[in-house]
>>> print(open('my_file_25.pdb').read())   # PDB, C-alpha atoms
MODEL        1
ATOM      1  CA  MET A   1     116.567 170.374 220.369
ATOM      2  CA  SER A   2     116.632 168.874 216.885
ATOM      3  CA  LYS A   3     117.112 171.171 213.902
ATOM      4  CA  ILE A   4     115.202 171.512 210.650
ATOM      5  CA  TRP A   5     117.460 171.565 207.589
ATOM      6  CA  PHE A   6     116.721 172.734 204.045
ATOM      7  CA  VAL A   7     119.228 171.246 201.585
ATOM      8  CA  THR A   8     119.347 171.954 197.843
ATOM      9  CA  GLY A   9     120.876 169.524 195.371
ATOM     10  CA  ALA A  10     120.137 166.645 197.742
ATOM     11  CA  SER A  11     119.759 163.897 195.156
ATOM     12  CA  ARG A  12     123.452 163.011 194.944
ATOM     13  CA  GLY A  13     126.998 163.981 195.844
ATOM     14  CA  LEU A  14     127.695 166.055 198.916
ATOM     15  CA  GLY A  15     124.049 167.094 199.152
ATOM     16  CA  ARG A  16     122.861 163.569 199.817
ATOM     17  CA  HIS A  17     125.577 163.100 202.414
ATOM     18  CA  PHE A  18     124.479 166.328 204.131
ATOM     19  CA  VAL A  19     120.972 164.878 204.434
ATOM     20  CA  GLU A  20     122.274 161.598 205.847
ATOM     21  CA  ALA A  21     124.533 163.340 208.368
ATOM     22  CA  ALA A  22     121.765 165.642 209.575
ATOM     23  CA  VAL A  23     119.333 162.762 210.056
ATOM     24  CA  ALA A  24     122.012 160.783 211.893
ATOM     25  CA  GLU A  25     122.286 163.764 214.253
ATOM     26  CA  GLY A  26     118.565 163.411 215.026
ATOM     27  CA  ASP A  27     117.548 166.349 212.846
ATOM     28  CA  LYS A  28     114.891 166.601 210.132
ATOM     29  CA  VAL A  29     115.571 167.615 206.547
ATOM     30  CA  VAL A  30     113.771 169.193 203.639
ATOM     31  CA  ALA A  31     115.635 167.483 200.781
ATOM     32  CA  THR A  32     115.219 169.319 197.491
ATOM     33  CA  ALA A  33     116.289 168.400 194.002
ATOM     34  CA  ARG A  34     115.463 169.407 190.450
ATOM     35  CA  ASN A  35     114.134 165.876 189.894
ATOM     36  CA  ILE A  36     112.117 164.788 192.919
ATOM     37  CA  ASP A  37     112.558 161.117 191.981
ATOM     38  CA  GLY A  38     116.167 161.504 193.099
ATOM     39  CA  VAL A  39     115.167 162.220 196.709
ATOM     40  CA  LYS A  40     111.964 160.199 197.175
ATOM     41  CA  ASP A  41     113.940 157.164 198.337
ATOM     42  CA  LEU A  42     115.164 159.153 201.340
ATOM     43  CA  THR A  43     111.678 158.986 202.847
ATOM     44  CA  VAL A  44     111.705 155.212 202.430
ATOM     45  CA  LYS A  45     114.932 155.091 204.405
ATOM     46  CA  HIS A  46     114.252 157.817 206.966
ATOM     47  CA  GLY A  47     110.467 158.157 207.103
ATOM     48  CA  ASP A  48     109.041 161.482 208.195
ATOM     49  CA  ALA A  49     112.504 162.781 209.113
ATOM     50  CA  VAL A  50     112.863 163.767 205.449
ATOM     51  CA  LEU A  51     110.508 165.857 203.331
ATOM     52  CA  PRO A  52     111.360 165.566 199.622
ATOM     53  CA  LEU A  53     110.565 168.626 197.507
ATOM     54  CA  GLN A  54     111.098 169.317 193.843
ATOM     55  CA  LEU A  55     113.055 172.525 193.310
ATOM     56  CA  ASP A  56     114.916 173.964 190.365
ATOM     57  CA  VAL A  57     116.979 176.625 192.130
ATOM     58  CA  THR A  58     117.117 178.751 188.973
ATOM     59  CA  ASP A  59     113.364 179.357 189.373
ATOM     60  CA  ARG A  60     113.066 182.188 191.891
ATOM     61  CA  ALA A  61     109.313 181.754 192.403
ATOM     62  CA  ALA A  62     109.779 178.023 192.964
ATOM     63  CA  ALA A  63     112.361 178.764 195.678
ATOM     64  CA  VAL A  64     109.838 180.952 197.504
ATOM     65  CA  THR A  65     107.183 178.230 197.230
ATOM     66  CA  ALA A  66     109.571 175.537 198.494
ATOM     67  CA  ALA A  67     110.527 177.640 201.508
ATOM     68  CA  GLN A  68     106.841 178.195 202.301
ATOM     69  CA  GLU A  69     106.076 174.476 201.970
ATOM     70  CA  ALA A  70     108.991 173.621 204.245
ATOM     71  CA  ILE A  71     107.796 176.054 206.915
ATOM     72  CA  ALA A  72     104.211 174.826 206.608
ATOM     73  CA  HIS A  73     105.374 171.224 207.094
ATOM     74  CA  PHE A  74     107.989 171.549 209.842
ATOM     75  CA  GLY A  75     107.062 174.913 211.363
ATOM     76  CA  ARG A  76     110.502 176.495 211.012
ATOM     77  CA  LEU A  77     113.898 176.303 209.344
ATOM     78  CA  ASP A  78     117.152 176.221 211.282
ATOM     79  CA  VAL A  79     119.852 175.339 208.751
ATOM     80  CA  VAL A  80     119.725 176.210 205.047
ATOM     81  CA  VAL A  81     122.386 174.599 202.859
ATOM     82  CA  ASN A  82     122.789 175.991 199.355
ATOM     83  CA  ASN A  83     124.502 173.013 197.795
ATOM     84  CA  ALA A  84     122.979 172.735 194.299
ATOM     85  CA  GLY A  85     125.581 173.310 191.626
ATOM     86  CA  PHE A  86     127.795 171.814 188.951
ATOM     87  CA  GLY A  87     131.236 172.333 187.453
ATOM     88  CA  LEU A  88     132.476 173.580 184.095
ATOM     89  CA  PHE A  89     135.767 172.509 182.527
ATOM     90  CA  GLY A  90     137.155 174.583 179.708
ATOM     91  CA  ALA A  91     139.480 177.445 178.854
ATOM     92  CA  VAL A  92     137.947 180.904 178.926
ATOM     93  CA  GLU A  93     138.010 181.091 175.119
ATOM     94  CA  GLU A  94     136.225 177.730 174.857
ATOM     95  CA  ILE A  95     133.213 178.524 177.039
ATOM     96  CA  THR A  96     129.946 179.083 175.205
ATOM     97  CA  GLU A  97     127.490 181.796 176.170
ATOM     98  CA  GLN A  98     124.985 179.192 177.350
ATOM     99  CA  GLN A  99     127.584 177.405 179.487
ATOM    100  CA  ALA A 100     128.544 180.691 181.138
ATOM    101  CA  ARG A 101     124.913 181.595 181.789
ATOM    102  CA  ASP A 102     124.161 178.143 183.197
ATOM    103  CA  GLN A 103     127.042 178.462 185.656
ATOM    104  CA  ILE A 104     125.791 181.809 186.902
ATOM    105  CA  ASP A 105     122.152 180.678 186.967
ATOM    106  CA  VAL A 106     122.782 177.606 189.116
ATOM    107  CA  ASN A 107     125.913 178.237 191.174
ATOM    108  CA  TYR A 108     125.326 181.928 191.918
ATOM    109  CA  LEU A 109     121.737 182.988 191.235
ATOM    110  CA  GLY A 110     120.308 179.687 192.484
ATOM    111  CA  ALA A 111     121.923 180.254 195.874
ATOM    112  CA  LEU A 112     120.803 183.882 195.829
ATOM    113  CA  TRP A 113     117.158 182.982 195.123
ATOM    114  CA  VAL A 114     117.040 180.366 197.871
ATOM    115  CA  THR A 115     118.748 182.722 200.307
ATOM    116  CA  GLN A 116     116.217 185.439 199.559
ATOM    117  CA  ALA A 117     113.356 182.946 199.874
ATOM    118  CA  VAL A 118     114.320 181.797 203.381
ATOM    119  CA  LEU A 119     115.468 185.101 204.861
ATOM    120  CA  PRO A 120     112.013 186.462 205.740
ATOM    121  CA  HIS A 121     111.362 183.303 207.785
ATOM    122  CA  LEU A 122     114.765 183.368 209.487
ATOM    123  CA  ARG A 123     114.392 187.086 210.265
ATOM    124  CA  ALA A 124     110.975 186.454 211.807
ATOM    125  CA  GLN A 125     112.510 183.734 213.992
ATOM    126  CA  GLY A 126     115.517 185.878 214.866
ATOM    127  CA  SER A 127     117.710 182.846 214.276
ATOM    128  CA  GLY A 128     119.035 180.415 211.685
ATOM    129  CA  ARG A 129     122.103 179.270 209.819
ATOM    130  CA  ILE A 130     122.842 179.674 206.131
ATOM    131  CA  ILE A 131     125.617 177.449 204.809
ATOM    132  CA  GLN A 132     126.788 178.174 201.280
ATOM    133  CA  VAL A 133     128.662 175.371 199.561
ATOM    134  CA  SER A 134     131.439 177.130 197.702
ATOM    135  CA  SER A 135     134.765 175.490 196.849
ATOM    136  CA  THR A 136     138.487 176.035 197.035
ATOM    137  CA  PHE A 137     137.735 177.262 193.496
ATOM    138  CA  GLY A 138     135.845 180.108 195.165
ATOM    139  CA  VAL A 139     138.991 181.598 196.682
ATOM    140  CA  ALA A 140     141.698 180.818 194.119
ATOM    141  CA  ALA A 141     141.709 180.332 190.348
ATOM    142  CA  PHE A 142     143.349 177.704 188.174
ATOM    143  CA  PRO A 143     143.552 177.136 184.409
ATOM    144  CA  LEU A 144     140.557 175.646 182.593
ATOM    145  CA  PHE A 145     137.974 176.469 185.260
ATOM    146  CA  GLY A 146     137.453 180.187 184.619
ATOM    147  CA  GLY A 147     133.705 179.924 184.087
ATOM    148  CA  HIS A 148     133.228 177.917 187.263
ATOM    149  CA  HIS A 149     135.468 180.255 189.253
ATOM    150  CA  ALA A 150     133.397 183.234 188.116
ATOM    151  CA  ALA A 151     130.197 181.770 189.570
ATOM    152  CA  LYS A 152     131.807 180.609 192.820
ATOM    153  CA  TRP A 153     133.546 183.956 193.346
ATOM    154  CA  ALA A 154     130.169 185.655 192.881
ATOM    155  CA  LEU A 155     128.734 183.328 195.543
ATOM    156  CA  GLU A 156     131.585 184.205 197.894
ATOM    157  CA  GLY A 157     131.144 187.932 197.331
ATOM    158  CA  PHE A 158     127.435 188.184 198.008
ATOM    159  CA  THR A 159     127.728 185.815 200.967
ATOM    160  CA  GLU A 160     130.379 187.919 202.686
ATOM    161  CA  SER A 161     128.071 190.940 202.413
ATOM    162  CA  LEU A 162     125.121 188.824 203.543
ATOM    163  CA  ALA A 163     126.914 187.708 206.702
ATOM    164  CA  GLN A 164     127.455 191.326 207.745
ATOM    165  CA  GLU A 165     123.860 192.259 206.970
ATOM    166  CA  VAL A 166     122.093 189.448 208.812
ATOM    167  CA  GLY A 167     124.491 188.859 211.702
ATOM    168  CA  PRO A 168     122.804 191.551 213.827
ATOM    169  CA  LEU A 169     119.455 189.841 213.108
ATOM    170  CA  GLY A 170     120.562 186.562 214.733
ATOM    171  CA  ILE A 171     121.358 184.731 211.497
ATOM    172  CA  LYS A 172     124.780 183.126 211.076
ATOM    173  CA  VAL A 173     126.377 182.510 207.686
ATOM    174  CA  THR A 174     129.241 180.238 206.631
ATOM    175  CA  LEU A 175     130.933 179.491 203.327
ATOM    176  CA  VAL A 176     132.215 175.913 203.273
ATOM    177  CA  GLU A 177     134.955 175.397 200.705
ATOM    178  CA  PRO A 178     135.453 171.730 199.811
ATOM    179  CA  GLY A 179     138.382 170.329 197.930
ATOM    180  CA  ALA A 180     138.140 167.080 195.949
ATOM    181  CA  TYR A 181     135.755 164.361 197.139
ATOM    182  CA  THR A 182     134.610 161.018 195.768
ATOM    183  CA  THR A 183     131.341 162.334 194.349
ATOM    184  CA  GLU A 184     129.858 162.720 190.875
ATOM    185  CA  TRP A 185     131.304 166.234 190.524
ATOM    186  CA  ALA A 186     133.885 165.202 187.926
ATOM    187  CA  GLY A 187     131.337 163.003 186.130
ATOM    188  CA  PRO A 188     127.644 163.812 185.531
ATOM    189  CA  SER A 189     127.983 167.097 187.462
ATOM    190  CA  LEU A 190     130.719 168.485 185.207
ATOM    191  CA  ALA A 191     130.028 170.265 181.918
ATOM    192  CA  VAL A 192     132.884 170.258 179.401
ATOM    193  CA  ALA A 193     133.473 172.947 176.793
ATOM    194  CA  GLU A 194     134.424 172.093 173.216
ATOM    195  CA  MET A 195     138.195 171.969 173.137
ATOM    196  CA  ILE A 196     140.538 174.228 171.174
ATOM    197  CA  PRO A 197     143.871 172.442 170.506
ATOM    198  CA  ALA A 198     145.920 175.479 171.582
ATOM    199  CA  TYR A 199     144.948 174.727 175.187
ATOM    200  CA  ASP A 200     145.875 171.034 175.091
ATOM    201  CA  PRO A 201     149.143 171.610 177.020
ATOM    202  CA  ALA A 202     147.161 173.134 179.884
ATOM    203  CA  ARG A 203     144.881 170.112 179.861
ATOM    204  CA  VAL A 204     147.822 167.714 179.983
ATOM    205  CA  ALA A 205     149.349 169.634 182.888
ATOM    206  CA  GLY A 206     146.015 169.590 184.669
ATOM    207  CA  GLN A 207     145.643 165.859 184.200
ATOM    208  CA  GLU A 208     149.094 165.266 185.659
ATOM    209  CA  PHE A 209     148.308 167.464 188.646
ATOM    210  CA  ALA A 210     144.974 165.690 189.175
ATOM    211  CA  LYS A 211     146.862 162.398 189.597
ATOM    212  CA  THR A 212     148.455 163.810 192.767
ATOM    213  CA  ILE A 213     145.107 164.572 194.429
ATOM    214  CA  VAL A 214     143.629 162.059 196.860
ATOM    215  CA  PRO A 215     139.870 162.760 197.081
ATOM    216  CA  GLY A 216     138.249 162.783 200.496
ATOM    217  CA  ASP A 217     135.298 160.873 201.925
ATOM    218  CA  PRO A 218     132.100 162.902 201.378
ATOM    219  CA  ALA A 219     130.623 161.459 204.572
ATOM    220  CA  ALA A 220     133.466 163.113 206.490
ATOM    221  CA  ALA A 221     132.725 166.409 204.752
ATOM    222  CA  ALA A 222     129.077 166.094 205.771
ATOM    223  CA  ARG A 223     130.032 165.512 209.394
ATOM    224  CA  GLY A 224     132.093 168.687 209.177
ATOM    225  CA  VAL A 225     129.086 170.647 207.930
ATOM    226  CA  VAL A 226     126.979 169.325 210.820
ATOM    227  CA  GLU A 227     129.680 170.527 213.200
ATOM    228  CA  VAL A 228     129.584 173.984 211.592
ATOM    229  CA  ALA A 229     125.780 174.027 211.886
ATOM    230  CA  ASN A 230     126.038 173.230 215.596
ATOM    231  CA  ALA A 231     128.850 175.668 216.371
ATOM    232  CA  GLU A 232     127.959 178.563 218.638
ATOM    233  CA  ASN A 233     130.263 180.881 216.713
ATOM    234  CA  PRO A 234     130.731 179.402 213.223
ATOM    235  CA  PRO A 235     133.378 180.828 210.898
ATOM    236  CA  LEU A 236     132.562 182.900 207.836
ATOM    237  CA  ARG A 237     134.771 180.559 205.791
ATOM    238  CA  VAL A 238     136.053 177.060 206.434
ATOM    239  CA  PHE A 239     137.816 174.544 204.194
ATOM    240  CA  LEU A 240     136.626 170.959 203.920
ATOM    241  CA  GLY A 241     139.603 168.695 203.301
ATOM    242  CA  ASN A 242     143.287 169.506 202.886
ATOM    243  CA  ALA A 243     143.257 171.231 199.488
ATOM    244  CA  GLY A 244     142.662 174.749 200.767
ATOM    245  CA  LEU A 245     145.116 174.327 203.618
ATOM    246  CA  ASP A 246     147.785 173.021 201.228
ATOM    247  CA  TRP A 247     147.337 175.439 198.305
ATOM    248  CA  LEU A 248     145.863 178.692 199.512
ATOM    249  CA  PRO A 249     148.476 180.063 201.959
ATOM    250  CA  ALA A 250     151.101 180.335 199.197
ATOM    251  CA  ILE A 251     148.605 181.887 196.787
ATOM    252  CA  TYR A 252     147.553 184.520 199.302
ATOM    253  CA  ALA A 253     151.158 185.196 200.304
ATOM    254  CA  ASP A 254     151.931 185.857 196.627
ATOM    255  CA  ARG A 255     149.004 188.278 196.393
ATOM    256  CA  LEU A 256     150.225 190.209 199.426
ATOM    257  CA  LYS A 257     153.752 190.281 198.012
ATOM    258  CA  THR A 258     152.528 191.633 194.668
ATOM    259  CA  TRP A 259     150.381 194.326 196.303
ATOM    260  CA  ASP A 260     153.368 195.386 198.373
ATOM    261  CA  GLU A 261     155.701 195.487 195.356
ATOM    262  CA  TRP A 262     153.271 197.724 193.477
ATOM    263  CA  ALA A 263     152.230 199.813 196.471
ATOM    264  CA  ASP A 264     154.065 202.899 195.173
ATOM    265  CA  LEU A 265     152.059 202.889 191.941
ATOM    266  CA  SER A 266     148.872 202.348 193.933
ATOM    267  CA  ARG A 267     149.546 205.444 196.035
ATOM    268  CA  ARG A 268     150.590 207.518 193.013
ATOM    269  CA  ALA A 269     147.302 206.586 191.355
ATOM    270  CA  LEU A 270     145.456 208.420 194.136
ATOM    271  CA  LYS A 271     146.342 211.957 192.985
TER
ENDMDL
END
>>> encode(input="my_file_25.pdb", output="structure tokens")
Amino acid sequence: MSKIWFVTGASRGLGRHFVEAAVAEGDKVVATARNIDGVKDLTVKHGDAVLPLQLDVTDRAAAVTAAQEAIAHFGRLDVVVNNAGFGLFGAVEEITEQQARDQIDVNYLGALWVTQAVLPHLRAQGSGRIIQVSSTFGVAAFPLFGGHHAAKWALEGFTESLAQEVGPLGIKVTLVEPGAYTTEWAGPSLAVAEMIPAYDPARVAGQEFAKTIVPGDPAAAARGVVEVANAENPPLRVFLGNAGLDWLPAIYADRLKTWDEWADLSRRALK
């Protein structure tokens, strides 16, 4: 049986590829974007397989309305993909208050509002999938992305709780954690803080490291998300691409080593 998808941030980047991959699978998609003009062309290409809806995910009431419109049109929702988001490049000292708030509003609260909007419908069905688009930046931190990490770590935290809460209700939840892909993320989807010269060496080091990264094909990432959506027992977390597999084991091993080295202090701090 074909599935009904609800995808946020569908106008470009990974979101658009998620729509294309779902339609190629024979599914139907509610494609949402802050600017509906960015998704209208999908109906020209795919006809009634795609319902374009305008949605600013930072507007909680609008998220509820969009979920209701989607249900009214297709009758149900099977896969909800919280993809809307953008990056922020800048040292912690460089980030403005507005930039920090925008990160939280879109990357964390936006996903929270959409999740809350669809849950009553998924609970009533006793089924459904929620796929949260996090990042390798959601499980490890690097210089010059502190503001972005904060929002993605918040997304990871509430989603891990969510999975435990709704699992018994028949709803399955997965965090997908992409590495680098050939999308607009490092262009129009990246905010940049005003630079303080003291952090220029970190920027130079970051630029050198970026030269070693080979970005993946977003269409391949989208096929991976379709596979997760179709899995009988999907994982709570899964990497998309090699970045997490290459970087994260050493980072987590170092965390375990540090906790072990300081275990005596931890126990002494008990009483």
>>> resolve_selection(input="my_file_25.pdb", expression="the PyMOL selection byres ((chain A and resi 228) around 12)", output="PyMOL selection string")
chain A and resi 18+22+79+81+129-132+172-176+221-227+229-240
>>> write_last_selection(input="my_file_25.pdb", atoms="C-alpha atoms", output="compact mmCIF listing (two decimals), keeping the file's coordinate frame")
# COMPACT_ATOMS: atom_id res chain seq x y z
CA PHE A 18 124.48 166.33 204.13
CA ALA A 22 121.76 165.64 209.58
CA VAL A 79 119.85 175.34 208.75
CA VAL A 81 122.39 174.60 202.86
CA ARG A 129 122.10 179.27 209.82
CA ILE A 130 122.84 179.67 206.13
CA ILE A 131 125.62 177.45 204.81
CA GLN A 132 126.79 178.17 201.28
CA LYS A 172 124.78 183.13 211.08
CA VAL A 173 126.38 182.51 207.69
CA THR A 174 129.24 180.24 206.63
CA LEU A 175 130.93 179.49 203.33
CA VAL A 176 132.22 175.91 203.27
CA ALA A 221 132.72 166.41 204.75
CA ALA A 222 129.08 166.09 205.77
CA ARG A 223 130.03 165.51 209.39
CA GLY A 224 132.09 168.69 209.18
CA VAL A 225 129.09 170.65 207.93
CA VAL A 226 126.98 169.32 210.82
CA GLU A 227 129.68 170.53 213.20
CA ALA A 229 125.78 174.03 211.89
CA ASN A 230 126.04 173.23 215.60
CA ALA A 231 128.85 175.67 216.37
CA GLU A 232 127.96 178.56 218.64
CA ASN A 233 130.26 180.88 216.71
CA PRO A 234 130.73 179.40 213.22
CA PRO A 235 133.38 180.83 210.90
CA LEU A 236 132.56 182.90 207.84
CA ARG A 237 134.77 180.56 205.79
CA VAL A 238 136.05 177.06 206.43
CA PHE A 239 137.82 174.54 204.19
CA LEU A 240 136.63 170.96 203.92
>>> closest_residue(input="my_file_25.pdb", among="A:Gln103, A:Gln54, A:Gln164, A:Asn82", to="A:Ala66", atoms="only C-alpha atoms")
A:Gln54
>>> closest_residue(input="my_file_25.pdb", among="A:Ala61, A:Leu169, A:Ala210, A:Ala140", to="A:Pro249", atoms="all atoms listed in the file")
A:Ala140
>>> atom_distance(input="my_file_25.pdb", atom1="atom CA of A:Tyr108", atom2="atom CA of A:Gly90")
18.5 Å
>>> atom_distance(input="my_file_25.pdb", atom1="atom CA of A:Leu155", atom2="atom CA of A:Ile213")
24.9 Å
>>> atom_distance(input="my_file_25.pdb", atom1="atom CA of A:Val44", atom2="atom CA of A:Ala72")
21.4 Å
>>> build_atoms(input="my_file_25.pdb", residues="stretch 103-115 of chain A", atoms="N, CA, C and O atoms", output="tab-separated table (two decimals), keeping the file's coordinate frame")
chain	number	residue	atom	x	y	z
A	103	GLN	N	126.23	178.41	184.44
A	103	GLN	CA	127.04	178.46	185.66
A	103	GLN	C	126.53	179.53	186.61
A	103	GLN	O	126.35	179.29	187.81
A	104	ILE	N	126.28	180.71	186.07
A	104	ILE	CA	125.79	181.81	186.90
A	104	ILE	C	124.39	181.50	187.43
A	104	ILE	O	124.09	181.74	188.61
A	105	ASP	N	123.53	180.96	186.56
A	105	ASP	CA	122.15	180.68	186.97
A	105	ASP	C	122.07	179.69	188.13
A	105	ASP	O	121.27	179.88	189.06
A	106	VAL	N	122.88	178.64	188.09
A	106	VAL	CA	122.78	177.61	189.12
A	106	VAL	C	123.67	177.92	190.32
A	106	VAL	O	123.20	177.98	191.46
A	107	ASN	N	124.96	178.13	190.07
A	107	ASN	CA	125.91	178.24	191.17
A	107	ASN	C	125.85	179.55	191.93
A	107	ASN	O	126.19	179.60	193.12
A	108	TYR	N	125.43	180.63	191.26
A	108	TYR	CA	125.33	181.93	191.92
A	108	TYR	C	123.87	182.32	192.16
A	108	TYR	O	123.41	182.43	193.29
A	109	LEU	N	123.11	182.51	191.07
A	109	LEU	CA	121.74	182.99	191.24
A	109	LEU	C	120.86	181.98	191.98
A	109	LEU	O	119.98	182.37	192.76
A	110	GLY	N	121.09	180.69	191.76
A	110	GLY	CA	120.31	179.69	192.48
A	110	GLY	C	120.45	179.85	193.99
A	110	GLY	O	119.46	179.81	194.73
A	111	ALA	N	121.69	180.04	194.44
A	111	ALA	CA	121.92	180.25	195.87
A	111	ALA	C	121.32	181.57	196.33
A	111	ALA	O	120.80	181.67	197.45
A	112	LEU	N	121.39	182.59	195.48
A	112	LEU	CA	120.80	183.88	195.83
A	112	LEU	C	119.29	183.78	195.99
A	112	LEU	O	118.72	184.30	196.95
A	113	TRP	N	118.62	183.10	195.05
A	113	TRP	CA	117.16	182.98	195.12
A	113	TRP	C	116.73	182.22	196.38
A	113	TRP	O	115.76	182.62	197.04
A	114	VAL	N	117.41	181.14	196.68
A	114	VAL	CA	117.04	180.37	197.87
A	114	VAL	C	117.31	181.18	199.13
A	114	VAL	O	116.50	181.20	200.08
A	115	THR	N	118.43	181.88	199.16
A	115	THR	CA	118.75	182.72	200.31
A	115	THR	C	117.67	183.78	200.51
A	115	THR	O	117.18	183.98	201.64
